[in-house]
Amino acid sequence: MAGGIARVSWRYLPGLRALAGYQGSWLGRDLVAGASVAAVAIPVAMAYSQLAGLPPVYGLYASLLPLLAYAVFGTSRQLIVAPDAATCAIVLVVVAPLAGADLARQVSLTATLSILTGIVCILAGCLRLGFLTNFLARPILSGYINGIAISIIAGQLGKLFGFSLKPQGFFRTMGEFAGKLGQTRAATLAVGVACFLLLRLLKRFAPRLPGPLVAMVLGILASRLLDLGGRGVALLGAIPAGLPPLYRPDLRWQDLQPLAYGAVGIALISFNSAMVTARGFAMRNRYEIDPDQEFIALGVADLGAGLLRGFAVSGADSRTAVNDSAGGKSQLAGLVAAALMVATLLCFTGPMAALPIAVLSAVLVHSALGLFDLPALAFLGRNMPLEFAVSLLTLLGVISVGVLPGVVVAILFNLLLLLVQVSRPHDALLGRVPGTAHFENLARDPGLEAVPGVLVYRLDASLLFFNADHFKQRVLALVDGAGEPVRAFVLDAGAMPMLDSTGAAILGESMDALARRGVSLVLAAPHGRMLRNLERSGLAGRLGPRGIFPSLDQAVRTVSAAAAAG
């Protein structure tokens, strides 16, 4: 019994398994890495809390238990789960219309949304849906992140210039911003610009320094010394000290549907984002991660965030990079960062009241610029125009109709393109490589040997209901368009993994249509499900022993000899 419990614990608590084998030589590096992560994560979490429509302290609440949960349930040694720009943007989109101007209700709904997201993630992990990490194609993720970055920058312009802007979409926000430029507060703008330039310079010349923490400390000092509050610069104000009480969900039935939809969207996007980061650093440090367990770990982290009245989290690429560059070797670094955040809430909330809000806005704009993936977009534009269109559509959708609708439209568009592509798969007429038994694409190498009186054809896909008609049209068009009489049509079935009932029926129709033209259909190298379904459909019997050959070379030699004799 005890052994069984231990095995289950080891399976679902991989962090404990890793810590059980902890090496003492890692301790110093993990302590430094944890301190470095906390130095960056504290100001960034406070800034990202604004993206979720909450006071800054809730960003710290959302950072504590997730770090502890991931250290126990996660399989990545470097990943830091924390507030994430993309996740926060979705939280605001889902919660704001339900809460209106009621901050207490917004806090409650946000925490409930985090708990629902955690439940969705845990269920997905238990159902082994980790393969969903491949559901959002890279062009969609790239366009989504670029759109989020643009939206973040647009949303912070008002705070940097000292006036308020309504959250109403990128284009309307920019229109309102242009109309209010005359209301700019020079002192606020000066603070924001100075902070932004400082962050850019630190990133360029001192990348190991925790830029956001340096900016926050200098902003507090400047506020105290120059009386920025008295000069009209908006300050953060009092931050409650200590830890929040545990949240008990208070869900209204009318809120369940929009929150459930939001939870599914956040689960999918935050998981994909976290997996991109986790896989990258796992590959760099030469170990494997378990996608299904990562779903569970992210879900438990979201539950923890919700229980402390925080919001859903994801894998934070910038803070994970800080952890890795500082030499973090295990999940202990995340525990150290969480402990330092607790210490901040218990002992250091007083000085933060003097922090100018423009500093946090500058941190957000600086972080948003780091989200842009312009090289990937440029690569798609040069080499893959259809995927570039998907990425651009996602970006435009996010900044115009909103985060979730924009992503949904992009996914549907991408699926439509996929259906178009798979319904018209790549194919080729083949020729023999001189002096060998190998065949290659005739269109790519004019030096290949065509077989007189024989067309050798390859379809680079399974023959299924959605491409079967296209296959028949191509076969007949190639035969009818041949420059010389065709006696045999050899189908390289070795490149066709599967055949369904529709494909079998169309293959039979193609055989009959070719026979009416005096052309025999021959299959070469069918295997696996393709061969089994040929036998089950009766086509193998119709083709007979002279219609199916174990190799392409044998099929071509046999039919070419017959064509020459005939």
# chains A, B, ... in the order shown; residues from 1 in each chain; ligands from 1

call {"tool": "select_by_dssp", "arguments": {"residues": "range 458-488 of chain A", "states": "helix (DSSP H, G or I)", "output": "count of residues only"}}
result
13

call {"tool": "residues_around", "arguments": {"residues": "range 303-314 of chain A", "least_positions_apart": "2", "cutoff": "7 Å", "atoms": "only C-alpha atoms", "output": "PyMOL selection string"}}
result
chain A and resi 58-59+61-63+65-66+81-84+87+107+110-112+114-115+118+244-247+270-271+274+299-301+316

call {"tool": "write_last_selection", "arguments": {"atoms": "C-alpha atoms", "output": "short mmCIF file (atom, residue, chain, number, x, y, z; two decimals), in the first residue's frame"}}
result
data_model
loop_
_atom_site.label_atom_id
_atom_site.label_comp_id
_atom_site.auth_asym_id
_atom_site.auth_seq_id
_atom_site.Cartn_x
_atom_site.Cartn_y
_atom_site.Cartn_z
CA TYR A 58 -2.78 41.42 -6.79
CA GLY A 59 0.10 40.67 -9.13
CA TYR A 61 -0.77 37.57 -4.75
CA ALA A 62 -0.89 35.78 -8.11
CA SER A 63 2.82 34.93 -7.91
CA LEU A 65 1.33 29.83 -4.54
CA PRO A 66 1.92 29.19 -8.28
CA VAL A 81 5.20 30.42 -13.64
CA ALA A 82 4.05 33.96 -13.03
CA PRO A 83 1.76 36.70 -14.37
CA ASP A 84 1.97 36.84 -18.13
CA THR A 87 -2.96 35.80 -20.00
CA VAL A 107 -11.45 40.72 -7.85
CA THR A 110 -10.87 37.18 -11.58
CA ALA A 111 -10.08 34.74 -8.77
CA THR A 112 -12.97 32.50 -9.82
CA SER A 114 -8.29 31.50 -12.24
CA ILE A 115 -9.78 28.57 -10.30
CA GLY A 118 -6.96 25.51 -13.06
CA PRO A 244 -4.57 38.02 1.70
CA PRO A 245 -7.17 35.69 3.20
CA LEU A 246 -7.97 32.60 1.20
CA TYR A 247 -10.68 33.19 -1.39
CA SER A 270 -1.29 29.87 -21.45
CA PHE A 271 -0.39 26.18 -21.81
CA ALA A 274 4.34 27.87 -21.20
CA GLY A 299 -3.66 23.90 -13.38
CA VAL A 300 -2.54 23.56 -9.76
CA ALA A 301 -0.65 26.85 -10.12
CA ALA A 316 7.03 33.59 -17.98
#

call {"tool": "closest_residue", "arguments": {"among": "A:Gly315, A:Pro207, A:Gly544, A:Gly431", "to": "Leu523 in chain A", "atoms": "only C-alpha atoms"}}
result
A:Gly544

call {"tool": "atom_distance", "arguments": {"atom1": "CA of Arg529 in chain A", "atom2": "CA of Phe549 in chain A"}}
result
16.1 Å

call {"tool": "residues_around", "arguments": {"residues": "Gln50 in chain A", "least_positions_apart": "3", "cutoff": "12 Å", "atoms": "only C-alpha atoms", "output": "JSON, numbers by chain"}}
result
{"A": [43, 44, 45, 46, 47, 53, 54, 55, 56, 57, 58, 59, 60, 83, 84, 85, 88, 89, 91, 92, 152, 155, 156, 159, 236, 311, 357, 358, 360, 361, 363, 364]}

call {"tool": "write_last_selection", "arguments": {"atoms": "N, CA and C atoms", "output": "compact mmCIF listing (two decimals), in the first residue's frame"}}
result
# COMPACT_ATOMS: atom_id res chain seq x y z
N PRO A 43 8.40 43.82 -9.56
CA PRO A 43 7.84 44.97 -10.30
C PRO A 43 7.04 44.56 -11.53
N VAL A 44 7.47 43.50 -12.21
CA VAL A 44 6.73 43.07 -13.40
C VAL A 44 5.34 42.56 -13.03
N ALA A 45 5.25 41.79 -11.94
CA ALA A 45 3.95 41.29 -11.50
C ALA A 45 3.01 42.44 -11.14
N MET A 46 3.54 43.45 -10.47
CA MET A 46 2.72 44.62 -10.12
C MET A 46 2.25 45.35 -11.37
N ALA A 47 3.14 45.42 -12.37
CA ALA A 47 2.76 46.09 -13.61
C ALA A 47 1.71 45.28 -14.37
N GLY A 53 -6.64 44.53 -14.93
CA GLY A 53 -7.65 45.44 -14.38
C GLY A 53 -7.70 45.46 -12.87
N LEU A 54 -6.60 45.05 -12.20
CA LEU A 54 -6.58 44.97 -10.74
C LEU A 54 -5.50 45.86 -10.16
N PRO A 55 -5.61 46.22 -8.88
CA PRO A 55 -4.53 46.97 -8.22
C PRO A 55 -3.24 46.17 -8.24
N PRO A 56 -2.07 46.86 -8.21
CA PRO A 56 -0.78 46.19 -8.38
C PRO A 56 -0.51 45.05 -7.40
N VAL A 57 -0.99 45.15 -6.16
CA VAL A 57 -0.65 44.13 -5.17
C VAL A 57 -1.18 42.76 -5.58
N TYR A 58 -2.22 42.71 -6.40
CA TYR A 58 -2.78 41.42 -6.79
C TYR A 58 -1.82 40.64 -7.70
N GLY A 59 -0.93 41.36 -8.35
CA GLY A 59 0.10 40.67 -9.13
C GLY A 59 1.03 39.87 -8.24
N LEU A 60 1.31 40.40 -7.04
CA LEU A 60 2.12 39.65 -6.08
C LEU A 60 1.34 38.47 -5.52
N PRO A 83 2.62 35.89 -13.51
CA PRO A 83 1.76 36.70 -14.37
C PRO A 83 2.37 36.89 -15.74
N ASP A 84 1.53 36.80 -16.74
CA ASP A 84 1.97 36.84 -18.13
C ASP A 84 1.11 37.84 -18.88
N ALA A 85 1.72 38.61 -19.77
CA ALA A 85 1.00 39.67 -20.46
C ALA A 85 -0.20 39.14 -21.24
N CYS A 88 -3.00 37.94 -18.87
CA CYS A 88 -3.66 39.08 -18.21
C CYS A 88 -4.61 39.80 -19.17
N ALA A 89 -4.21 39.90 -20.43
CA ALA A 89 -5.06 40.57 -21.40
C ALA A 89 -6.38 39.82 -21.58
N VAL A 91 -7.75 37.84 -19.30
CA VAL A 91 -8.49 37.99 -18.04
C VAL A 91 -9.32 39.27 -18.06
N LEU A 92 -8.72 40.36 -18.48
CA LEU A 92 -9.43 41.64 -18.52
C LEU A 92 -10.60 41.58 -19.49
N ILE A 152 -0.84 46.21 -25.56
CA ILE A 152 -0.28 46.65 -24.28
C ILE A 152 0.27 48.06 -24.40
N GLY A 155 -2.46 50.58 -24.65
CA GLY A 155 -3.18 50.74 -23.39
C GLY A 155 -2.43 51.52 -22.34
N GLN A 156 -1.10 51.61 -22.46
CA GLN A 156 -0.30 52.31 -21.46
C GLN A 156 0.03 53.75 -21.85
N LYS A 159 -1.42 56.49 -19.47
CA LYS A 159 -0.75 56.61 -18.16
C LYS A 159 0.62 57.24 -18.30
N LEU A 236 1.33 55.25 -6.78
CA LEU A 236 0.70 53.95 -6.55
C LEU A 236 -0.25 54.00 -5.34
N PHE A 311 -4.79 36.06 -10.26
CA PHE A 311 -5.33 35.73 -11.58
C PHE A 311 -4.49 34.63 -12.20
N ILE A 357 3.02 55.69 -11.00
CA ILE A 357 2.37 54.70 -11.87
C ILE A 357 3.02 54.70 -13.25
N ALA A 358 3.55 55.84 -13.66
CA ALA A 358 4.22 55.92 -14.96
C ALA A 358 5.41 54.98 -15.04
N LEU A 360 5.54 51.92 -13.67
CA LEU A 360 4.98 50.61 -14.00
C LEU A 360 4.55 50.57 -15.48
N SER A 361 4.01 51.67 -15.98
CA SER A 361 3.62 51.71 -17.39
C SER A 361 4.85 51.58 -18.30
N VAL A 363 7.58 50.02 -17.51
CA VAL A 363 7.98 48.61 -17.41
C VAL A 363 7.15 47.76 -18.37
N LEU A 364 5.85 48.03 -18.43
CA LEU A 364 4.97 47.27 -19.33
C LEU A 364 5.33 47.50 -20.79

call {"tool": "residues_around", "arguments": {"residues": "range 399-416 of chain A", "least_positions_apart": "4", "cutoff": "6 Å", "atoms": "only C-alpha atoms", "output": "PyMOL selection string"}}
result
chain A and resi 147+151+169-170+394

call {"tool": "closest_residue", "arguments": {"among": "A:Val556, A:Leu531, A:Leu209, A:Leu64", "to": "His438 in chain A", "atoms": "only C-alpha atoms"}}
result
A:Val556

call {"tool": "residues_around", "arguments": {"residues": "Thr173 in chain A", "least_positions_apart": "4", "cutoff": "10 Å", "atoms": "only C-alpha atoms", "output": "MDAnalysis selection string"}}
result
chainID A and resid 151 154:155 157:158 165:169 177:179

call {"tool": "write_last_selection", "arguments": {"atoms": "N, CA and C atoms", "output": "PDB file, in the first residue's frame"}}
result
ATOM      1  N   SER A 151      -1.263  45.943 -28.318  1.00  0.00           N
ATOM      2  CA  SER A 151      -2.374  46.334 -27.446  1.00  0.00           C
ATOM      3  C   SER A 151      -1.868  46.855 -26.103  1.00  0.00           C
ATOM      4  N   ALA A 154      -0.444  50.387 -26.582  1.00  0.00           N
ATOM      5  CA  ALA A 154      -1.531  51.356 -26.767  1.00  0.00           C
ATOM      6  C   ALA A 154      -2.254  51.624 -25.453  1.00  0.00           C
ATOM      7  N   GLY A 155      -2.457  50.577 -24.649  1.00  0.00           N
ATOM      8  CA  GLY A 155      -3.182  50.743 -23.390  1.00  0.00           C
ATOM      9  C   GLY A 155      -2.429  51.523 -22.336  1.00  0.00           C
ATOM     10  N   LEU A 157      -0.285  54.149 -23.079  1.00  0.00           N
ATOM     11  CA  LEU A 157       0.075  55.492 -23.528  1.00  0.00           C
ATOM     12  C   LEU A 157      -0.565  56.574 -22.660  1.00  0.00           C
ATOM     13  N   GLY A 158      -1.832  56.368 -22.288  1.00  0.00           N
ATOM     14  CA  GLY A 158      -2.502  57.379 -21.473  1.00  0.00           C
ATOM     15  C   GLY A 158      -1.813  57.580 -20.138  1.00  0.00           C
ATOM     16  N   LEU A 165      -7.427  56.805 -20.691  1.00  0.00           N
ATOM     17  CA  LEU A 165      -7.980  56.334 -21.958  1.00  0.00           C
ATOM     18  C   LEU A 165      -8.913  55.162 -21.671  1.00  0.00           C
ATOM     19  N   LYS A 166     -10.033  55.110 -22.390  1.00  0.00           N
ATOM     20  CA  LYS A 166     -10.969  54.012 -22.209  1.00  0.00           C
ATOM     21  C   LYS A 166     -10.434  52.764 -22.908  1.00  0.00           C
ATOM     22  N   PRO A 167     -10.590  51.596 -22.295  1.00  0.00           N
ATOM     23  CA  PRO A 167     -10.207  50.348 -22.966  1.00  0.00           C
ATOM     24  C   PRO A 167     -11.237  49.979 -24.032  1.00  0.00           C
ATOM     25  N   GLN A 168     -10.959  50.341 -25.294  1.00  0.00           N
ATOM     26  CA  GLN A 168     -11.969  50.186 -26.341  1.00  0.00           C
ATOM     27  C   GLN A 168     -11.372  49.690 -27.658  1.00  0.00           C
ATOM     28  N   GLY A 169     -10.299  48.939 -27.589  1.00  0.00           N
ATOM     29  CA  GLY A 169      -9.696  48.447 -28.817  1.00  0.00           C
ATOM     30  C   GLY A 169      -8.615  49.375 -29.321  1.00  0.00           C
ATOM     31  N   PHE A 177      -6.419  58.821 -27.946  1.00  0.00           N
ATOM     32  CA  PHE A 177      -5.100  59.309 -27.525  1.00  0.00           C
ATOM     33  C   PHE A 177      -4.696  60.549 -28.315  1.00  0.00           C
ATOM     34  N   ALA A 178      -4.891  60.510 -29.625  1.00  0.00           N
ATOM     35  CA  ALA A 178      -4.535  61.667 -30.454  1.00  0.00           C
ATOM     36  C   ALA A 178      -5.354  62.897 -30.065  1.00  0.00           C
ATOM     37  N   GLY A 179      -6.624  62.680 -29.706  1.00  0.00           N
ATOM     38  CA  GLY A 179      -7.469  63.806 -29.336  1.00  0.00           C
ATOM     39  C   GLY A 179      -7.151  64.396 -27.976  1.00  0.00           C
TER      40      GLY A 179
END

call {"tool": "select_by_dssp", "arguments": {"residues": "range 427-556 of chain A", "states": "strand (DSSP E)", "output": "PyMOL selection string"}}
result
chain A and resi 427-432+439-441+454-459+488-492+520-524+548-549

call {"tool": "closest_residue", "arguments": {"among": "A:Val519, A:Ala468, A:Val390, A:Leu259", "to": "Val490 in chain A", "atoms": "only C-alpha atoms"}}
result
A:Val519

call {"tool": "atom_distance", "arguments": {"atom1": "CA of Ala267 in chain A", "atom2": "CA of Pro375 in chain A"}}
result
27.0 Å

call {"tool": "atom_distance", "arguments": {"atom1": "CA of Leu197 in chain A", "atom2": "CA of Met174 in chain A"}}
result
22.4 Å

call {"tool": "closest_residue", "arguments": {"among": "A:Val191, A:Leu455, A:Met498, A:Leu395", "to": "Gly483 in chain A", "atoms": "only C-alpha atoms"}}
result
A:Leu455

call {"tool": "closest_residue", "arguments": {"among": "A:Val37, A:Thr558, A:Leu521, A:Leu514", "to": "Asp480 in chain A", "atoms": "only C-alpha atoms"}}
result
A:Leu514

call {"tool": "closest_residue", "arguments": {"among": "A:Ala297, A:Ala18, A:Ile90, A:Leu160", "to": "Leu123 in chain A", "atoms": "only C-alpha atoms"}}
result
A:Ala297

call {"tool": "residues_around", "arguments": {"residues": "range 324-332 of chain A", "least_positions_apart": "2", "cutoff": "9 Å", "atoms": "only C-alpha atoms", "output": "number ranges by chain"}}
result
A: 15, 18-19, 22, 26-27, 29-34, 36-37, 67-68, 70-72, 74-80, 208, 281, 319-322, 334-337

call {"tool": "residues_around", "arguments": {"residues": "range 180-189 of chain A", "least_positions_apart": "5", "cutoff": "6 Å", "atoms": "only C-alpha atoms", "output": "list in words"}}
result
Leu160, Phe161, Gly162 and Val233 of chain A
